[in-house]
$ cat final.cif   # mmCIF, N, CA and C atoms
data_target
#
loop_
_atom_site.group_PDB
_atom_site.id
_atom_site.type_symbol
_atom_site.label_atom_id
_atom_site.label_comp_id
_atom_site.auth_asym_id
_atom_site.auth_seq_id
_atom_site.Cartn_x
_atom_site.Cartn_y
_atom_site.Cartn_z
ATOM 1 N N MET J 1 -20.592 -5.891 24.649
ATOM 2 C CA MET J 1 -20.557 -4.675 25.424
ATOM 3 C C MET J 1 -20.325 -3.496 24.497
ATOM 4 N N ASN J 2 -20.783 -2.362 24.934
ATOM 5 C CA ASN J 2 -20.580 -1.138 24.169
ATOM 6 C C ASN J 2 -19.174 -0.617 24.376
ATOM 7 N N LYS J 3 -18.606 -0.129 23.316
ATOM 8 C CA LYS J 3 -17.269 0.454 23.398
ATOM 9 C C LYS J 3 -17.392 1.885 23.901
ATOM 10 N N PRO J 4 -16.373 2.358 24.624
ATOM 11 C CA PRO J 4 -16.374 3.777 24.986
ATOM 12 C C PRO J 4 -16.326 4.628 23.721
ATOM 13 N N PRO J 5 -16.830 5.853 23.783
ATOM 14 C CA PRO J 5 -16.863 6.704 22.583
ATOM 15 C C PRO J 5 -15.495 6.897 21.939
ATOM 16 N N SER J 6 -14.434 6.972 22.759
ATOM 17 C CA SER J 6 -13.110 7.191 22.175
ATOM 18 C C SER J 6 -12.675 5.996 21.331
ATOM 19 N N GLU J 7 -12.953 4.770 21.788
ATOM 20 C CA GLU J 7 -12.600 3.580 21.005
ATOM 21 C C GLU J 7 -13.450 3.485 19.755
ATOM 22 N N HIS J 8 -14.718 3.847 19.865
ATOM 23 C CA HIS J 8 -15.604 3.814 18.706
ATOM 24 C C HIS J 8 -15.122 4.797 17.645
ATOM 25 N N PHE J 9 -14.687 5.984 18.091
ATOM 26 C CA PHE J 9 -14.172 6.992 17.165
ATOM 27 C C PHE J 9 -12.908 6.504 16.483
ATOM 28 N N ARG J 10 -12.008 5.878 17.271
ATOM 29 C CA ARG J 10 -10.755 5.371 16.698
ATOM 30 C C ARG J 10 -11.025 4.292 15.657
ATOM 31 N N ALA J 11 -11.973 3.407 15.933
ATOM 32 C CA ALA J 11 -12.295 2.337 14.983
ATOM 33 C C ALA J 11 -12.862 2.935 13.698
ATOM 34 N N GLY J 12 -13.729 3.914 13.808
ATOM 35 C CA GLY J 12 -14.284 4.574 12.627
ATOM 36 C C GLY J 12 -13.229 5.349 11.873
ATOM 37 N N HIS J 13 -12.331 5.980 12.606
ATOM 38 C CA HIS J 13 -11.256 6.747 11.981
ATOM 39 C C HIS J 13 -10.297 5.813 11.246
ATOM 40 N N ALA J 14 -10.004 4.665 11.834
ATOM 41 C CA ALA J 14 -9.100 3.711 11.179
ATOM 42 C C ALA J 14 -9.723 3.179 9.900
ATOM 43 N N THR J 15 -11.028 2.918 9.933
ATOM 44 C CA THR J 15 -11.713 2.431 8.739
ATOM 45 C C THR J 15 -11.692 3.487 7.647
ATOM 46 N N GLY J 16 -11.947 4.741 8.006
ATOM 47 C CA GLY J 16 -11.895 5.834 7.035
ATOM 48 C C GLY J 16 -10.496 6.030 6.490
ATOM 49 N N HIS J 17 -9.501 5.854 7.351
ATOM 50 C CA HIS J 17 -8.112 6.004 6.938
ATOM 51 C C HIS J 17 -7.732 4.909 5.941
ATOM 52 N N LYS J 18 -8.162 3.680 6.210
ATOM 53 C CA LYS J 18 -7.868 2.566 5.298
ATOM 54 C C LYS J 18 -8.561 2.778 3.956
ATOM 55 N N ALA J 19 -9.789 3.285 3.988
ATOM 56 C CA ALA J 19 -10.517 3.544 2.741
ATOM 57 C C ALA J 19 -9.814 4.635 1.936
ATOM 58 N N ALA J 20 -9.348 5.671 2.615
ATOM 59 C CA ALA J 20 -8.635 6.752 1.923
ATOM 60 C C ALA J 20 -7.331 6.235 1.306
ATOM 61 N N GLU J 21 -6.631 5.353 2.025
ATOM 62 C CA GLU J 21 -5.400 4.785 1.481
ATOM 63 C C GLU J 21 -5.689 3.919 0.259
ATOM 64 N N MET J 22 -6.792 3.177 0.298
ATOM 65 C CA MET J 22 -7.149 2.329 -0.844
ATOM 66 C C MET J 22 -7.479 3.193 -2.061
ATOM 67 N N VAL J 23 -8.214 4.275 -1.841
ATOM 68 C CA VAL J 23 -8.548 5.172 -2.952
ATOM 69 C C VAL J 23 -7.274 5.814 -3.509
ATOM 70 N N LEU J 24 -6.374 6.236 -2.621
ATOM 71 C CA LEU J 24 -5.104 6.812 -3.074
ATOM 72 C C LEU J 24 -4.310 5.794 -3.887
ATOM 73 N N PHE J 25 -4.286 4.550 -3.439
ATOM 74 C CA PHE J 25 -3.570 3.501 -4.163
ATOM 75 C C PHE J 25 -4.169 3.294 -5.550
ATOM 76 N N LEU J 26 -5.493 3.228 -5.637
ATOM 77 C CA LEU J 26 -6.140 3.011 -6.924
ATOM 78 C C LEU J 26 -5.922 4.188 -7.877
ATOM 79 N N VAL J 27 -6.032 5.401 -7.356
ATOM 80 C CA VAL J 27 -5.827 6.593 -8.191
ATOM 81 C C VAL J 27 -4.372 6.669 -8.660
ATOM 82 N N ALA J 28 -3.429 6.444 -7.745
ATOM 83 C CA ALA J 28 -2.015 6.501 -8.128
ATOM 84 C C ALA J 28 -1.687 5.412 -9.148
ATOM 85 N N SER J 29 -2.292 4.241 -8.997
ATOM 86 C CA SER J 29 -2.066 3.164 -9.972
ATOM 87 C C SER J 29 -2.606 3.552 -11.342
ATOM 88 N N ALA J 30 -3.822 4.080 -11.370
ATOM 89 C CA ALA J 30 -4.434 4.460 -12.646
ATOM 90 C C ALA J 30 -3.645 5.588 -13.313
ATOM 91 N N VAL J 31 -3.244 6.589 -12.541
ATOM 92 C CA VAL J 31 -2.466 7.700 -13.090
ATOM 93 C C VAL J 31 -1.111 7.192 -13.592
ATOM 94 N N GLY J 32 -0.481 6.312 -12.841
ATOM 95 C CA GLY J 32 0.815 5.775 -13.243
ATOM 96 C C GLY J 32 0.740 4.989 -14.537
ATOM 97 N N ILE J 33 -0.269 4.141 -14.654
ATOM 98 C CA ILE J 33 -0.419 3.336 -15.873
ATOM 99 C C ILE J 33 -0.729 4.224 -17.075
ATOM 100 N N TYR J 34 -1.680 5.149 -16.904
ATOM 101 C CA TYR J 34 -2.057 6.038 -18.007
ATOM 102 C C TYR J 34 -0.881 6.919 -18.425
ATOM 103 N N SER J 35 -0.196 7.512 -17.442
ATOM 104 C CA SER J 35 0.895 8.427 -17.779
ATOM 105 C C SER J 35 2.073 7.686 -18.403
ATOM 106 N N LEU J 36 2.308 6.435 -17.991
ATOM 107 C CA LEU J 36 3.375 5.666 -18.622
ATOM 108 C C LEU J 36 3.045 5.402 -20.091
ATOM 109 N N GLY J 37 1.790 5.095 -20.369
ATOM 110 C CA GLY J 37 1.367 4.898 -21.755
ATOM 111 C C GLY J 37 1.505 6.161 -22.582
ATOM 112 N N GLN J 38 1.126 7.297 -21.998
ATOM 113 C CA GLN J 38 1.244 8.567 -22.719
ATOM 114 C C GLN J 38 2.701 8.975 -22.911
ATOM 115 N N ALA J 39 3.527 8.719 -21.895
ATOM 116 C CA ALA J 39 4.932 9.128 -21.970
ATOM 117 C C ALA J 39 5.690 8.331 -23.015
ATOM 118 N N LEU J 40 5.400 7.049 -23.119
ATOM 119 C CA LEU J 40 6.168 6.192 -24.023
ATOM 120 C C LEU J 40 5.489 5.969 -25.370
ATOM 121 N N ALA J 41 4.445 6.734 -25.647
ATOM 122 C CA ALA J 41 3.748 6.591 -26.928
ATOM 123 C C ALA J 41 4.675 6.905 -28.097
ATOM 124 N N GLY J 42 5.658 7.758 -27.878
ATOM 125 C CA GLY J 42 6.590 8.123 -28.931
ATOM 126 C C GLY J 42 7.451 6.964 -29.403
ATOM 127 N N LEU J 43 7.589 5.946 -28.573
ATOM 128 C CA LEU J 43 8.374 4.782 -28.990
ATOM 129 C C LEU J 43 7.624 3.920 -29.994
ATOM 130 N N PHE J 44 6.297 4.025 -29.987
ATOM 131 C CA PHE J 44 5.486 3.131 -30.801
ATOM 132 C C PHE J 44 4.757 3.828 -31.948
ATOM 133 N N GLU J 45 4.682 5.149 -31.917
ATOM 134 C CA GLU J 45 3.984 5.882 -32.965
ATOM 135 C C GLU J 45 4.975 6.757 -33.716
ATOM 136 N N VAL J 46 4.882 6.739 -35.014
ATOM 137 C CA VAL J 46 5.781 7.521 -35.860
ATOM 138 C C VAL J 46 5.438 9.004 -35.718
ATOM 139 N N GLY J 47 6.438 9.828 -35.558
ATOM 140 C CA GLY J 47 6.236 11.269 -35.494
ATOM 141 C C GLY J 47 6.023 11.813 -34.087
ATOM 142 N N LYS J 48 5.986 10.956 -33.081
ATOM 143 C CA LYS J 48 5.833 11.421 -31.707
ATOM 144 C C LYS J 48 7.132 11.189 -30.939
ATOM 145 N N ASP J 49 7.366 12.056 -29.972
ATOM 146 C CA ASP J 49 8.538 11.908 -29.112
ATOM 147 C C ASP J 49 8.095 11.395 -27.742
ATOM 148 N N ILE J 50 9.071 11.044 -26.926
ATOM 149 C CA ILE J 50 8.765 10.674 -25.537
ATOM 150 C C ILE J 50 8.386 11.956 -24.805
ATOM 151 N N ASN J 51 7.238 11.939 -24.146
ATOM 152 C CA ASN J 51 6.737 13.121 -23.461
ATOM 153 C C ASN J 51 7.300 13.157 -22.045
ATOM 154 N N LEU J 52 8.147 14.134 -21.783
ATOM 155 C CA LEU J 52 8.837 14.221 -20.503
ATOM 156 C C LEU J 52 7.887 14.535 -19.343
ATOM 157 N N LEU J 53 6.865 15.357 -19.568
ATOM 158 C CA LEU J 53 5.926 15.681 -18.485
ATOM 159 C C LEU J 53 5.154 14.447 -18.028
ATOM 160 N N TRP J 54 4.718 13.626 -18.980
ATOM 161 C CA TRP J 54 4.018 12.394 -18.611
ATOM 162 C C TRP J 54 4.982 11.428 -17.914
ATOM 163 N N LEU J 55 6.235 11.440 -18.307
ATOM 164 C CA LEU J 55 7.226 10.577 -17.660
ATOM 165 C C LEU J 55 7.451 11.012 -16.209
ATOM 166 N N ILE J 56 7.437 12.316 -15.969
ATOM 167 C CA ILE J 56 7.554 12.838 -14.602
ATOM 168 C C ILE J 56 6.334 12.444 -13.785
ATOM 169 N N ALA J 57 5.144 12.548 -14.378
ATOM 170 C CA ALA J 57 3.917 12.140 -13.678
ATOM 171 C C ALA J 57 3.974 10.658 -13.329
ATOM 172 N N THR J 58 4.528 9.842 -14.211
ATOM 173 C CA THR J 58 4.693 8.413 -13.927
ATOM 174 C C THR J 58 5.621 8.201 -12.741
ATOM 175 N N GLY J 59 6.716 8.927 -12.717
ATOM 176 C CA GLY J 59 7.666 8.814 -11.611
ATOM 177 C C GLY J 59 7.054 9.195 -10.273
ATOM 178 N N VAL J 60 6.264 10.270 -10.266
ATOM 179 C CA VAL J 60 5.602 10.700 -9.027
ATOM 180 C C VAL J 60 4.597 9.642 -8.563
ATOM 181 N N ALA J 61 3.809 9.118 -9.496
ATOM 182 C CA ALA J 61 2.822 8.087 -9.130
ATOM 183 C C ALA J 61 3.519 6.847 -8.584
ATOM 184 N N PHE J 62 4.629 6.450 -9.200
ATOM 185 C CA PHE J 62 5.352 5.275 -8.720
ATOM 186 C C PHE J 62 5.984 5.528 -7.358
ATOM 187 N N MET J 63 6.457 6.749 -7.106
ATOM 188 C CA MET J 63 7.025 7.055 -5.789
ATOM 189 C C MET J 63 5.952 6.984 -4.705
ATOM 190 N N ILE J 64 4.736 7.447 -5.016
ATOM 191 C CA ILE J 64 3.629 7.344 -4.063
ATOM 192 C C ILE J 64 3.322 5.876 -3.778
ATOM 193 N N LEU J 65 3.288 5.058 -4.825
ATOM 194 C CA LEU J 65 3.005 3.635 -4.643
ATOM 195 C C LEU J 65 4.106 2.943 -3.839
ATOM 196 N N ILE J 66 5.341 3.270 -4.107
ATOM 197 C CA ILE J 66 6.458 2.668 -3.372
ATOM 198 C C ILE J 66 6.420 3.077 -1.899
ATOM 199 N N ALA J 67 6.104 4.341 -1.633
ATOM 200 C CA ALA J 67 6.001 4.802 -0.245
ATOM 201 C C ALA J 67 4.878 4.072 0.487
ATOM 202 N N GLN J 68 3.750 3.878 -0.177
ATOM 203 C CA GLN J 68 2.646 3.150 0.438
ATOM 204 C C GLN J 68 3.018 1.696 0.700
ATOM 205 N N MET J 69 3.664 1.061 -0.263
ATOM 206 C CA MET J 69 4.034 -0.341 -0.079
ATOM 207 C C MET J 69 5.041 -0.485 1.062
ATOM 208 N N GLY J 70 5.958 0.439 1.188
ATOM 209 C CA GLY J 70 6.912 0.393 2.291
ATOM 210 C C GLY J 70 6.238 0.568 3.632
ATOM 211 N N ARG J 71 5.254 1.450 3.701
ATOM 212 C CA ARG J 71 4.536 1.663 4.946
ATOM 213 C C ARG J 71 3.692 0.452 5.314
ATOM 214 N N VAL J 72 3.050 -0.141 4.327
ATOM 215 C CA VAL J 72 2.237 -1.330 4.590
ATOM 216 C C VAL J 72 3.121 -2.482 5.037
ATOM 217 N N HIS J 73 4.305 -2.607 4.439
ATOM 218 C CA HIS J 73 5.223 -3.679 4.819
ATOM 219 C C HIS J 73 5.674 -3.505 6.270
ATOM 220 N N ASP J 74 5.872 -2.263 6.704
ATOM 221 C CA ASP J 74 6.295 -2.006 8.077
ATOM 222 C C ASP J 74 5.215 -2.366 9.084
ATOM 223 N N THR J 75 3.950 -2.253 8.709
ATOM 224 C CA THR J 75 2.857 -2.524 9.644
ATOM 225 C C THR J 75 2.230 -3.893 9.422
ATOM 226 N N TRP J 76 2.759 -4.669 8.495
ATOM 227 C CA TRP J 76 2.196 -5.983 8.192
ATOM 228 C C TRP J 76 2.409 -6.904 9.395
ATOM 229 N N PRO J 77 1.397 -7.703 9.752
ATOM 230 C CA PRO J 77 1.584 -8.621 10.888
ATOM 231 C C PRO J 77 2.673 -9.649 10.579
ATOM 232 N N ARG J 78 3.514 -9.880 11.548
ATOM 233 C CA ARG J 78 4.599 -10.822 11.361
ATOM 234 C C ARG J 78 4.210 -12.173 11.949
ATOM 235 N N ARG J 79 4.716 -13.231 11.328
ATOM 236 C CA ARG J 79 4.477 -14.572 11.873
ATOM 237 C C ARG J 79 5.309 -14.757 13.122
ATOM 238 N N GLU J 80 4.724 -15.465 14.053
ATOM 239 C CA GLU J 80 5.429 -15.776 15.276
ATOM 240 C C GLU J 80 6.480 -16.838 14.949
ATOM 241 N N SER J 81 7.682 -16.656 15.466
ATOM 242 C CA SER J 81 8.718 -17.639 15.187
ATOM 243 C C SER J 81 8.336 -18.971 15.823
ATOM 244 N N LYS J 82 8.868 -20.061 15.286
ATOM 245 C CA LYS J 82 8.530 -21.390 15.784
ATOM 246 C C LYS J 82 8.959 -21.543 17.241
ATOM 247 N N GLU J 83 10.092 -20.964 17.578
ATOM 248 C CA GLU J 83 10.604 -21.056 18.941
ATOM 249 C C GLU J 83 9.662 -20.357 19.923
ATOM 250 N N ASN J 84 9.214 -19.155 19.589
ATOM 251 C CA ASN J 84 8.280 -18.432 20.458
ATOM 252 C C ASN J 84 6.945 -19.148 20.536
ATOM 253 N N HIS J 85 6.515 -19.736 19.427
ATOM 254 C CA HIS J 85 5.252 -20.454 19.403
ATOM 255 C C HIS J 85 5.300 -21.652 20.355
ATOM 256 N N LEU J 86 6.419 -22.380 20.352
ATOM 257 C CA LEU J 86 6.544 -23.534 21.237
ATOM 258 C C LEU J 86 6.586 -23.119 22.706
ATOM 259 N N ARG J 87 7.221 -21.973 22.983
ATOM 260 C CA ARG J 87 7.263 -21.495 24.366
ATOM 261 C C ARG J 87 5.886 -21.077 24.868
ATOM 262 N N SER J 88 5.108 -20.440 23.998
ATOM 263 C CA SER J 88 3.815 -19.933 24.438
ATOM 264 C C SER J 88 2.720 -20.984 24.370
ATOM 265 N N HIS J 89 2.926 -22.074 23.597
ATOM 266 C CA HIS J 89 1.928 -23.139 23.484
ATOM 267 C C HIS J 89 2.601 -24.492 23.786
ATOM 268 N N PRO J 90 2.776 -24.811 25.060
ATOM 269 C CA PRO J 90 3.491 -26.051 25.391
ATOM 270 C C PRO J 90 2.751 -27.311 24.950
ATOM 271 N N GLU J 91 1.435 -27.237 24.730
ATOM 272 C CA GLU J 91 0.681 -28.420 24.331
ATOM 273 C C GLU J 91 0.974 -28.843 22.903
ATOM 274 N N SER J 92 1.605 -28.010 22.106
ATOM 275 C CA SER J 92 1.871 -28.351 20.717
ATOM 276 C C SER J 92 3.233 -29.026 20.520
ATOM 277 N N ARG J 93 3.904 -29.357 21.600
ATOM 278 C CA ARG J 93 5.226 -29.998 21.500
ATOM 279 C C ARG J 93 5.108 -31.449 21.141
#

$ encode --input "final.cif" --output "structure tokens"
Amino acid sequence: MNKPPSEHFRAGHATGHKAAEMVLFLVASAVGIYSLGQALAGLFEVGKDINLLWLIATGVAFMILIAQMGRVHDTWPRRESKENHLRSHPESR
């Protein structure tokens, strides 16, 4: 059956939203990895110091990633407890 236009719009919007979140995750990961390498280059190369601006960029990227992971964890599907499963499916006893 055809979905009403409002449901079709919501499904398309959710797909676009998930794609945007994936792109944000990939960009934040790439920026975090690159900036961490740039910030800590002073530890491995003679004559360079730890770059504080790159270290701040690393912190911001990691905070974005942590916020996303927390949000995904909150919306992650939970397993049905064994007790509830037995109540709802009496044939599996």

$ closest_residue --input "final.cif" --among "J:Thr58, J:Arg71, J:Leu65, J:Glu45" --to "Val23 (chain J)" --atoms "only C-alpha atoms"
J:Leu65

$ atom_distance --input "final.cif" --atom1 "CA of Leu40 (chain J)" --atom2 "CA of Val27 (chain J)"
19.9 Å

$ closest_residue --input "final.cif" --among "J:Ile64, J:Ala41, J:Val46, J:Leu52" --to "Ala28 (chain J)" --atoms "all atoms listed in the file"
J:Ile64

$ atom_distance --input "final.cif" --atom1 "atom N of Leu55 (chain J)" --atom2 "atom N of Leu36 (chain J)"
6.4 Å

$ atom_distance --input "final.cif" --atom1 "CA of Ala61 (chain J)" --atom2 "CA of Ser29 (chain J)"
7.0 Å

$ axis_aligned_box --input "final.cif" --around "region 20-38 of chain J" --padding-each-side "4 Å" --output "lines of an AutoDock Vina configuration file"
center_x = -3.0
center_y = 5.7
center_z = -10.1
size_x = 20.7
size_y = 14.6
size_z = 33.5

$ closest_residue --input "final.cif" --among "J:Gly37, J:Gly16, J:Gly47, J:Gly32" --to "Gly59 (chain J)" --atoms "only N, CA and C atoms"
J:Gly32

$ residues_around --input "final.cif" --residues "Ser35 (chain J)" --least-positions-apart "4" --cutoff "6 Å" --atoms "only C-alpha atoms" --output "PyMOL selection string"
chain J and resi 31+39+54+58

$ decode --input "final.cif" --residues "region 54-66 of chain J" --atoms "all heavy atoms" --output "PDB file, in the first residue's frame"
ATOM      1  N   TRP J  54      45.816  22.924  17.912  1.00  0.00           N
ATOM      2  CA  TRP J  54      45.442  21.608  17.389  1.00  0.00           C
ATOM      3  C   TRP J  54      44.913  20.721  18.522  1.00  0.00           C
ATOM      4  O   TRP J  54      44.017  19.895  18.300  1.00  0.00           O
ATOM      5  CB  TRP J  54      46.616  20.932  16.697  1.00  0.00           C
ATOM      6  CG  TRP J  54      46.845  21.425  15.310  1.00  0.00           C
ATOM      7  CD1 TRP J  54      47.922  22.123  14.866  1.00  0.00           C
ATOM      8  CD2 TRP J  54      45.976  21.272  14.180  1.00  0.00           C
ATOM      9  NE1 TRP J  54      47.771  22.406  13.530  1.00  0.00           N
ATOM     10  CE2 TRP J  54      46.588  21.895  13.084  1.00  0.00           C
ATOM     11  CE3 TRP J  54      44.737  20.669  13.991  1.00  0.00           C
ATOM     12  CZ2 TRP J  54      46.018  21.932  11.824  1.00  0.00           C
ATOM     13  CZ3 TRP J  54      44.157  20.709  12.738  1.00  0.00           C
ATOM     14  CH2 TRP J  54      44.788  21.331  11.673  1.00  0.00           C
ATOM     15  N   LEU J  55      45.442  20.887  19.713  1.00  0.00           N
ATOM     16  CA  LEU J  55      44.960  20.108  20.855  1.00  0.00           C
ATOM     17  C   LEU J  55      43.521  20.499  21.202  1.00  0.00           C
ATOM     18  O   LEU J  55      42.698  19.635  21.525  1.00  0.00           O
ATOM     19  CB  LEU J  55      45.883  20.330  22.052  1.00  0.00           C
ATOM     20  CG  LEU J  55      45.918  19.246  23.108  1.00  0.00           C
ATOM     21  CD1 LEU J  55      46.293  17.900  22.503  1.00  0.00           C
ATOM     22  CD2 LEU J  55      46.890  19.601  24.205  1.00  0.00           C
ATOM     23  N   ILE J  56      43.206  21.781  21.083  1.00  0.00           N
ATOM     24  CA  ILE J  56      41.833  22.250  21.305  1.00  0.00           C
ATOM     25  C   ILE J  56      40.909  21.690  20.236  1.00  0.00           C
ATOM     26  O   ILE J  56      39.792  21.238  20.522  1.00  0.00           O
ATOM     27  CB  ILE J  56      41.783  23.790  21.358  1.00  0.00           C
ATOM     28  CG1 ILE J  56      42.493  24.285  22.612  1.00  0.00           C
ATOM     29  CG2 ILE J  56      40.354  24.301  21.308  1.00  0.00           C
ATOM     30  CD1 ILE J  56      42.727  25.779  22.644  1.00  0.00           C
ATOM     31  N   ALA J  57      41.359  21.692  18.980  1.00  0.00           N
ATOM     32  CA  ALA J  57      40.551  21.122  17.892  1.00  0.00           C
ATOM     33  C   ALA J  57      40.297  19.640  18.140  1.00  0.00           C
ATOM     34  O   ALA J  57      39.195  19.137  17.873  1.00  0.00           O
ATOM     35  CB  ALA J  57      41.259  21.327  16.558  1.00  0.00           C
ATOM     36  N   THR J  58      41.281  18.930  18.668  1.00  0.00           N
ATOM     37  CA  THR J  58      41.099  17.516  19.011  1.00  0.00           C
ATOM     38  C   THR J  58      40.037  17.352  20.088  1.00  0.00           C
ATOM     39  O   THR J  58      39.164  16.484  19.995  1.00  0.00           O
ATOM     40  CB  THR J  58      42.430  16.912  19.499  1.00  0.00           C
ATOM     41  OG1 THR J  58      43.410  17.064  18.488  1.00  0.00           O
ATOM     42  CG2 THR J  58      42.275  15.454  19.860  1.00  0.00           C
ATOM     43  N   GLY J  59      40.094  18.191  21.098  1.00  0.00           N
ATOM     44  CA  GLY J  59      39.109  18.131  22.177  1.00  0.00           C
ATOM     45  C   GLY J  59      37.692  18.383  21.689  1.00  0.00           C
ATOM     46  O   GLY J  59      36.752  17.692  22.082  1.00  0.00           O
ATOM     47  N   VAL J  60      37.535  19.364  20.800  1.00  0.00           N
ATOM     48  CA  VAL J  60      36.208  19.664  20.246  1.00  0.00           C
ATOM     49  C   VAL J  60      35.696  18.483  19.416  1.00  0.00           C
ATOM     50  O   VAL J  60      34.533  18.083  19.533  1.00  0.00           O
ATOM     51  CB  VAL J  60      36.252  20.961  19.401  1.00  0.00           C
ATOM     52  CG1 VAL J  60      34.970  21.150  18.619  1.00  0.00           C
ATOM     53  CG2 VAL J  60      36.516  22.160  20.298  1.00  0.00           C
ATOM     54  N   ALA J  61      36.564  17.919  18.582  1.00  0.00           N
ATOM     55  CA  ALA J  61      36.150  16.772  17.756  1.00  0.00           C
ATOM     56  C   ALA J  61      35.757  15.591  18.635  1.00  0.00           C
ATOM     57  O   ALA J  61      34.748  14.921  18.377  1.00  0.00           O
ATOM     58  CB  ALA J  61      37.284  16.373  16.813  1.00  0.00           C
ATOM     59  N   PHE J  62      36.515  15.345  19.700  1.00  0.00           N
ATOM     60  CA  PHE J  62      36.186  14.235  20.591  1.00  0.00           C
ATOM     61  C   PHE J  62      34.891  14.493  21.349  1.00  0.00           C
ATOM     62  O   PHE J  62      34.116  13.560  21.599  1.00  0.00           O
ATOM     63  CB  PHE J  62      37.331  13.951  21.553  1.00  0.00           C
ATOM     64  CG  PHE J  62      38.487  13.232  20.917  1.00  0.00           C
ATOM     65  CD1 PHE J  62      39.694  13.143  21.563  1.00  0.00           C
ATOM     66  CD2 PHE J  62      38.380  12.643  19.670  1.00  0.00           C
ATOM     67  CE1 PHE J  62      40.771  12.479  20.990  1.00  0.00           C
ATOM     68  CE2 PHE J  62      39.442  11.984  19.076  1.00  0.00           C
ATOM     69  CZ  PHE J  62      40.637  11.895  19.741  1.00  0.00           C
ATOM     70  N   MET J  63      34.623  15.746  21.720  1.00  0.00           N
ATOM     71  CA  MET J  63      33.362  16.051  22.404  1.00  0.00           C
ATOM     72  C   MET J  63      32.171  15.815  21.477  1.00  0.00           C
ATOM     73  O   MET J  63      31.132  15.322  21.905  1.00  0.00           O
ATOM     74  CB  MET J  63      33.372  17.489  22.927  1.00  0.00           C
ATOM     75  CG  MET J  63      34.270  17.641  24.131  1.00  0.00           C
ATOM     76  SD  MET J  63      34.130  19.170  25.066  1.00  0.00           S
ATOM     77  CE  MET J  63      33.975  20.434  23.866  1.00  0.00           C
ATOM     78  N   ILE J  64      32.318  16.157  20.192  1.00  0.00           N
ATOM     79  CA  ILE J  64      31.255  15.892  19.220  1.00  0.00           C
ATOM     80  C   ILE J  64      31.023  14.388  19.101  1.00  0.00           C
ATOM     81  O   ILE J  64      29.879  13.917  19.102  1.00  0.00           O
ATOM     82  CB  ILE J  64      31.597  16.501  17.849  1.00  0.00           C
ATOM     83  CG1 ILE J  64      31.541  18.026  17.919  1.00  0.00           C
ATOM     84  CG2 ILE J  64      30.666  15.976  16.755  1.00  0.00           C
ATOM     85  CD1 ILE J  64      32.085  18.724  16.693  1.00  0.00           C
ATOM     86  N   LEU J  65      32.105  13.619  19.029  1.00  0.00           N
ATOM     87  CA  LEU J  65      31.975  12.167  18.916  1.00  0.00           C
ATOM     88  C   LEU J  65      31.339  11.563  20.168  1.00  0.00           C
ATOM     89  O   LEU J  65      30.482  10.677  20.076  1.00  0.00           O
ATOM     90  CB  LEU J  65      33.337  11.538  18.658  1.00  0.00           C
ATOM     91  CG  LEU J  65      33.951  11.843  17.292  1.00  0.00           C
ATOM     92  CD1 LEU J  65      35.369  11.298  17.223  1.00  0.00           C
ATOM     93  CD2 LEU J  65      33.107  11.268  16.179  1.00  0.00           C
ATOM     94  N   ILE J  66      31.724  12.033  21.324  1.00  0.00           N
ATOM     95  CA  ILE J  66      31.153  11.524  22.575  1.00  0.00           C
ATOM     96  C   ILE J  66      29.664  11.859  22.667  1.00  0.00           C
ATOM     97  O   ILE J  66      28.856  11.025  23.085  1.00  0.00           O
ATOM     98  CB  ILE J  66      31.931  12.076  23.783  1.00  0.00           C
ATOM     99  CG1 ILE J  66      33.315  11.428  23.840  1.00  0.00           C
ATOM    100  CG2 ILE J  66      31.179  11.851  25.087  1.00  0.00           C
ATOM    101  CD1 ILE J  66      34.264  12.076  24.816  1.00  0.00           C
TER     102      ILE J  66
END
